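Data file: my_file_20.cif. Format and content: mmCIF, C-alpha atoms.
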```cif
data_coords
loop_
_atom_site.group_PDB
_atom_site.id
_atom_site.type_symbol
_atom_site.label_atom_id
_atom_site.label_comp_id
_atom_site.auth_asym_id
_atom_site.auth_seq_id
_atom_site.Cartn_x
_atom_site.Cartn_y
_atom_site.Cartn_z
ATOM 1 C CA LEU U 1 20.720 -16.647 17.125
ATOM 2 C CA TYR U 2 21.162 -15.602 13.500
ATOM 3 C CA SER U 3 17.424 -15.255 13.065
ATOM 4 C CA ALA U 4 17.204 -12.850 16.013
ATOM 5 C CA LEU U 5 20.218 -10.901 14.755
ATOM 6 C CA PHE U 6 18.826 -10.521 11.222
ATOM 7 C CA LEU U 7 15.402 -9.663 12.626
ATOM 8 C CA ALA U 8 16.884 -6.893 14.777
ATOM 9 C CA LEU U 9 19.056 -5.577 11.954
ATOM 10 C CA GLY U 10 16.185 -5.696 9.490
ATOM 11 C CA GLN U 11 13.964 -3.555 11.696
ATOM 12 C CA ALA U 12 16.350 -1.287 13.567
ATOM 13 C CA ASN U 13 18.096 0.720 10.861
ATOM 14 C CA PRO U 14 15.867 1.768 7.945
ATOM 15 C CA ARG U 15 18.852 2.728 5.779
ATOM 16 C CA LYS U 16 20.419 -0.723 6.163
ATOM 17 C CA ALA U 17 17.180 -2.710 6.166
ATOM 18 C CA LEU U 18 17.100 -3.276 2.411
ATOM 19 C CA VAL U 19 20.667 -4.623 2.465
ATOM 20 C CA VAL U 20 19.759 -7.059 5.248
ATOM 21 C CA HIS U 21 16.546 -8.104 3.476
ATOM 22 C CA GLU U 22 18.329 -8.673 0.156
ATOM 23 C CA TYR U 23 20.964 -10.767 1.939
ATOM 24 C CA LEU U 24 18.224 -12.882 3.515
ATOM 25 C CA VAL U 25 16.682 -13.411 0.061
ATOM 26 C CA LYS U 26 20.130 -14.451 -1.201
ATOM 27 C CA LEU U 27 20.422 -16.948 1.666
ATOM 28 C CA VAL U 28 17.016 -18.381 0.751
ATOM 29 C CA ALA U 29 18.088 -18.709 -2.884
ATOM 30 C CA GLU U 30 21.578 -20.086 -2.377
ATOM 31 C CA GLY U 31 21.839 -21.375 1.186
ATOM 32 C CA SER U 32 21.578 -24.847 2.592
ATOM 33 C CA GLU U 33 18.302 -26.247 3.862
ATOM 34 C CA GLU U 34 18.951 -25.203 7.464
ATOM 35 C CA ILE U 35 20.005 -21.704 6.470
ATOM 36 C CA GLY U 36 17.033 -21.435 4.128
ATOM 37 C CA VAL U 37 14.570 -22.210 6.924
ATOM 38 C CA VAL U 38 16.110 -19.575 9.202
ATOM 39 C CA ALA U 39 16.273 -16.931 6.458
ATOM 40 C CA ALA U 40 12.738 -17.634 5.212
ATOM 41 C CA SER U 41 11.207 -17.549 8.689
ATOM 42 C CA THR U 42 13.064 -14.302 9.409
ATOM 43 C CA LEU U 43 11.758 -12.767 6.177
ATOM 44 C CA ARG U 44 8.241 -13.861 7.098
ATOM 45 C CA ALA U 45 8.575 -12.323 10.583
ATOM 46 C CA LEU U 46 9.808 -9.059 9.062
ATOM 47 C CA GLN U 47 6.905 -9.034 6.606
ATOM 48 C CA VAL U 48 4.354 -9.727 9.340
ATOM 49 C CA SER U 49 5.827 -6.827 11.317
ATOM 50 C CA ARG U 50 5.435 -4.512 8.318
ATOM 51 C CA ASP U 51 1.898 -5.709 7.713
ATOM 52 C CA ARG U 52 0.964 -5.002 11.339
ATOM 53 C CA ALA U 53 2.476 -1.511 11.227
ATOM 54 C CA ALA U 54 0.538 -0.711 8.042
ATOM 55 C CA ALA U 55 -2.670 -2.067 9.576
ATOM 56 C CA GLN U 56 -2.192 0.127 12.642
ATOM 57 C CA ILE U 57 -1.681 3.208 10.465
ATOM 58 C CA THR U 58 -4.787 2.382 8.460
ATOM 59 C CA GLU U 59 -6.812 1.721 11.614
ATOM 60 C CA SER U 60 -5.734 4.948 13.307
ATOM 61 C CA ALA U 61 -6.539 6.896 10.140
ATOM 62 C CA ALA U 62 -10.010 5.353 10.052
ATOM 63 C CA ASN U 63 -10.647 6.220 13.716
ATOM 64 C CA GLY U 64 -9.298 9.740 13.791
ATOM 65 C CA PRO U 65 -8.666 12.917 11.862
ATOM 66 C CA VAL U 66 -5.316 11.633 10.559
ATOM 67 C CA ASP U 67 -5.256 11.266 6.775
ATOM 68 C CA ALA U 68 -2.939 8.370 5.997
ATOM 69 C CA GLY U 69 -4.123 7.988 2.422
ATOM 70 C CA VAL U 70 -3.551 4.629 0.845
ATOM 71 C CA VAL U 71 -1.068 2.623 2.869
ATOM 72 C CA GLU U 72 0.680 0.135 0.617
ATOM 73 C CA VAL U 73 2.722 -2.462 2.437
ATOM 74 C CA SER U 74 6.105 -2.871 0.865
ATOM 75 C CA VAL U 75 7.458 -6.366 0.429
ATOM 76 C CA VAL U 76 10.518 -7.259 2.468
ATOM 77 C CA GLY U 77 13.469 -7.849 0.148
ATOM 78 C CA TYR U 78 11.859 -6.162 -2.866
ATOM 79 C CA ASP U 79 13.352 -2.949 -4.225
ATOM 80 C CA GLU U 80 10.946 -1.401 -6.727
ATOM 81 C CA SER U 81 13.728 0.773 -8.139
ATOM 82 C CA ASP U 82 15.752 -2.323 -9.138
ATOM 83 C CA PRO U 83 14.276 -4.072 -12.209
ATOM 84 C CA THR U 84 15.898 -7.414 -11.310
ATOM 85 C CA SER U 85 14.729 -7.381 -7.697
ATOM 86 C CA SER U 86 11.364 -9.011 -8.383
ATOM 87 C CA LYS U 87 12.962 -11.847 -10.355
ATOM 88 C CA ARG U 88 15.502 -12.556 -7.585
ATOM 89 C CA LEU U 89 12.820 -12.439 -4.914
ATOM 90 C CA LEU U 90 10.308 -14.635 -6.714
ATOM 91 C CA ASP U 91 12.938 -17.140 -7.868
ATOM 92 C CA ALA U 92 14.053 -17.528 -4.245
ATOM 93 C CA TYR U 93 10.478 -17.946 -2.980
ATOM 94 C CA PHE U 94 9.508 -20.417 -5.706
ATOM 95 C CA ARG U 95 12.700 -22.376 -4.947
ATOM 96 C CA LEU U 96 11.312 -22.937 -1.461
ATOM 97 C CA LEU U 97 8.193 -24.573 -2.907
ATOM 98 C CA GLU U 98 10.331 -27.150 -4.730
ATOM 99 C CA SER U 99 12.081 -28.307 -1.564
ATOM 100 C CA ASP U 100 11.624 -31.714 0.023
ATOM 101 C CA ASN U 101 11.542 -29.962 3.404
ATOM 102 C CA VAL U 102 7.983 -29.268 4.589
ATOM 103 C CA SER U 103 9.086 -26.191 6.569
ATOM 104 C CA LEU U 104 10.657 -24.640 3.484
ATOM 105 C CA ARG U 105 7.548 -25.305 1.386
ATOM 106 C CA PHE U 106 5.364 -23.759 4.080
ATOM 107 C CA GLU U 107 7.577 -20.656 4.331
ATOM 108 C CA GLY U 108 7.657 -20.335 0.545
ATOM 109 C CA GLY U 109 3.878 -20.461 0.327
ATOM 110 C CA GLU U 110 3.454 -17.912 3.104
ATOM 111 C CA LEU U 111 6.055 -15.554 1.635
ATOM 112 C CA LEU U 112 4.525 -15.737 -1.840
ATOM 113 C CA THR U 113 1.054 -15.125 -0.445
ATOM 114 C CA MET U 114 2.272 -12.084 1.491
ATOM 115 C CA ALA U 115 4.229 -10.760 -1.492
ATOM 116 C CA SER U 116 1.158 -11.074 -3.714
ATOM 117 C CA ARG U 117 -0.429 -8.183 -1.801
ATOM 118 C CA ASN U 118 1.916 -5.903 -3.720
ATOM 119 C CA PRO U 119 0.153 -5.126 -7.023
ATOM 120 C CA SER U 120 3.413 -5.098 -8.993
ATOM 121 C CA LEU U 121 4.222 -8.669 -7.863
ATOM 122 C CA ALA U 122 0.762 -10.272 -7.866
ATOM 123 C CA LEU U 123 0.632 -10.989 -11.598
ATOM 124 C CA SER U 124 4.149 -12.441 -11.645
ATOM 125 C CA ILE U 125 3.308 -14.701 -8.710
ATOM 126 C CA ALA U 126 0.073 -15.904 -10.321
ATOM 127 C CA ASP U 127 1.909 -16.491 -13.612
ATOM 128 C CA GLY U 128 4.683 -18.440 -11.849
ATOM 129 C CA CYS U 129 2.128 -20.603 -10.083
ATOM 130 C CA LEU U 130 0.216 -21.294 -13.297
ATOM 131 C CA ASN U 131 3.449 -22.219 -15.092
ATOM 132 C CA ARG U 132 4.320 -24.700 -12.359
ATOM 133 C CA LEU U 133 0.817 -26.147 -12.394
ATOM 134 C CA ASP U 134 1.236 -26.724 -16.127
ATOM 135 C CA ASP U 135 4.599 -28.466 -15.591
ATOM 136 C CA THR U 136 4.772 -31.734 -17.507
ATOM 137 C CA ASP U 137 7.466 -33.174 -15.206
ATOM 138 C CA ALA U 138 4.747 -33.758 -12.638
ATOM 139 C CA SER U 139 2.766 -36.052 -14.903
ATOM 140 C CA SER U 140 2.928 -39.756 -14.179
ATOM 141 C CA ASN U 141 4.393 -42.055 -16.827
ATOM 142 C CA GLY U 142 2.558 -45.090 -15.488
ATOM 143 C CA GLY U 143 5.547 -46.402 -13.557
ATOM 144 C CA PRO U 144 6.434 -46.008 -9.912
ATOM 145 C CA PRO U 145 6.780 -42.385 -8.830
ATOM 146 C CA THR U 146 10.327 -41.063 -8.942
ATOM 147 C CA PRO U 147 11.734 -38.531 -6.482
ATOM 148 C CA ALA U 148 11.685 -35.894 -9.238
ATOM 149 C CA PHE U 149 8.010 -36.650 -9.915
ATOM 150 C CA LEU U 150 7.130 -36.408 -6.218
ATOM 151 C CA ARG U 151 9.057 -33.131 -5.841
ATOM 152 C CA ALA U 152 7.308 -31.635 -8.875
ATOM 153 C CA ARG U 153 3.920 -32.819 -7.602
ATOM 154 C CA ARG U 154 4.532 -31.248 -4.177
ATOM 155 C CA ALA U 155 5.555 -27.990 -5.866
ATOM 156 C CA GLN U 156 2.345 -28.091 -7.911
ATOM 157 C CA LEU U 157 0.235 -28.591 -4.800
ATOM 158 C CA ALA U 158 1.988 -25.715 -3.040
ATOM 159 C CA CYS U 159 1.542 -23.487 -6.099
ATOM 160 C CA GLY U 160 -2.154 -24.364 -6.244
ATOM 161 C CA ARG U 161 -2.545 -23.318 -2.618
ATOM 162 C CA VAL U 162 -0.681 -20.050 -3.224
ATOM 163 C CA LEU U 163 -2.753 -19.350 -6.331
ATOM 164 C CA CYS U 164 -5.972 -19.836 -4.352
ATOM 165 C CA MET U 165 -4.740 -17.362 -1.742
ATOM 166 C CA VAL U 166 -3.666 -14.836 -4.394
ATOM 167 C CA LEU U 167 -6.969 -14.953 -6.215
#
```

Please lay out the structure from this file as structure tokens.
Amino acid sequence: LYSALFLALGQANPRKALVVHEYLVKLVAEGSEEIGVVAASTLRALQVSRDRAAAQITESAANGPVDAGVVEVSVVGYDESDPTSSKRLLDAYFRLLESDNVSLRFEGGELLTMASRNPSLALSIADGCLNRLDDTDASSNGGPPTPAFLRARRAQLACGRVLCMVL
């Protein structure tokens, strides 16, 4: 129910959309596992909707006399006028990759891959992935794997996948 409500609010009123999107990012960053899954899947649905709209504009411009210019898809939850927006967004998305929940890791990978299409976020995403791949907490000490080791290893695998999609 909440997912449908946030989806409708995030698309219906352009003036309020950024507020709804930022709240969803906050839920991803600070919410429980169940809330995080709903918020992340809603953000992904909103981003897919934006991507489709941009693709339709580009396609109609290619097929007709309409000059759409370069259509850059904005990232849901990212306010380019706010210098802290990218840090909040990427911290929330990378938090998803560190979860034990497979659904959250999947959503985090998808959201980071979609966000990397924005040129101002691509380098930060690649850098974040490389930093996590270089994480020494995910190295084995010869003993049995601990939950922290397994979590770090899963985050590294997810970051490797995202990095492959970004590059």

Give me the result of the PyMOL selection byres ((chain U and resi 47) around 9) on this file, residue by residue, as an mmCIF file with C-alpha atoms, in the coordinates of the input.
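Wrote selection.cif, looks like this:
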```
data_model
loop_
_atom_site.group_PDB
_atom_site.id
_atom_site.type_symbol
_atom_site.label_atom_id
_atom_site.label_comp_id
_atom_site.auth_asym_id
_atom_site.auth_seq_id
_atom_site.Cartn_x
_atom_site.Cartn_y
_atom_site.Cartn_z
ATOM 1 C CA THR U 42 13.064 -14.302 9.409
ATOM 2 C CA LEU U 43 11.758 -12.767 6.177
ATOM 3 C CA ARG U 44 8.241 -13.861 7.098
ATOM 4 C CA ALA U 45 8.575 -12.323 10.583
ATOM 5 C CA LEU U 46 9.808 -9.059 9.062
ATOM 6 C CA VAL U 48 4.354 -9.727 9.340
ATOM 7 C CA SER U 49 5.827 -6.827 11.317
ATOM 8 C CA ARG U 50 5.435 -4.512 8.318
ATOM 9 C CA ASP U 51 1.898 -5.709 7.713
ATOM 10 C CA ARG U 52 0.964 -5.002 11.339
ATOM 11 C CA VAL U 73 2.722 -2.462 2.437
ATOM 12 C CA SER U 74 6.105 -2.871 0.865
ATOM 13 C CA VAL U 75 7.458 -6.366 0.429
ATOM 14 C CA VAL U 76 10.518 -7.259 2.468
ATOM 15 C CA LEU U 111 6.055 -15.554 1.635
ATOM 16 C CA MET U 114 2.272 -12.084 1.491
ATOM 17 C CA ALA U 115 4.229 -10.760 -1.492
#
```

| CA of Leu90 (chain U) to CA of Leu112 (chain U), straight-line distance in Å |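 If I compute the distance from CA of Leu112 (chain U) to CA of Leu90 (chain U), I get 7.6 Å.
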
| request: Record the distance separating CA of Leu104 (chain U) and CA of Ala40 (chain U), expressed in Å with one decimal. | output: 7.5 Å

| said: What's around region 123-129 of chain U at 10 Å? Count all atoms listed in the file, leave out sequence neighbours fewer than 6 positions away in its own chain, and write the answer as a ChimeraX atom specification. | reply: /U:86-87,90-91,93-94,112-113,115-116,135,155-167

Please report, as JSON, the centre and edge lengths in Å to one decimal of an axis-aligned box covering all listed atoms of region 120-134 of chain U with 3 Å per side.
```
{"center_x": 2.4, "center_y": -15.9, "center_z": -12.0, "size_x": 10.6, "size_y": 27.6, "size_z": 14.3}
```

| field | Nearest to Asp79 (chain U) by atom-to-atom distance, counting only C-alpha atoms, from U:Leu133, U:Ser120, U:Phe149, U:Gly109 | value |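 For Asp79 (chain U), the nearest of the candidates is U:Ser120.
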
Which residues fall under the PyMOL selection byres ((chain U and resi 23-39) around 7) in this file, as a PDB file with C-alpha atoms, in the frame of the given file?
```pdb
ATOM      1  CA  SER U   3      17.424 -15.255  13.065  1.00  0.00           C
ATOM      2  CA  VAL U  19      20.667  -4.623   2.465  1.00  0.00           C
ATOM      3  CA  VAL U  20      19.759  -7.059   5.248  1.00  0.00           C
ATOM      4  CA  HIS U  21      16.546  -8.104   3.476  1.00  0.00           C
ATOM      5  CA  GLU U  22      18.329  -8.673   0.156  1.00  0.00           C
ATOM      6  CA  ALA U  40      12.738 -17.634   5.212  1.00  0.00           C
ATOM      7  CA  SER U  41      11.207 -17.549   8.689  1.00  0.00           C
ATOM      8  CA  THR U  42      13.064 -14.302   9.409  1.00  0.00           C
ATOM      9  CA  LEU U  43      11.758 -12.767   6.177  1.00  0.00           C
ATOM     10  CA  GLY U  77      13.469  -7.849   0.148  1.00  0.00           C
ATOM     11  CA  LEU U  89      12.820 -12.439  -4.914  1.00  0.00           C
ATOM     12  CA  ALA U  92      14.053 -17.528  -4.245  1.00  0.00           C
ATOM     13  CA  ARG U  95      12.700 -22.376  -4.947  1.00  0.00           C
ATOM     14  CA  SER U 103       9.086 -26.191   6.569  1.00  0.00           C
ATOM     15  CA  LEU U 104      10.657 -24.640   3.484  1.00  0.00           C
TER      16      LEU U 104
END
```

| note | note - CA of Arg88 (chain U) and CA of Ala54 (chain U) are separated by 24.7 Å

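Using all atoms listed in the file for every distance, the candidate list U:Pro83, U:Thr58, U:Arg117, U:Arg154 yields U:Arg154 as the residue closest to Arg105 (chain U).
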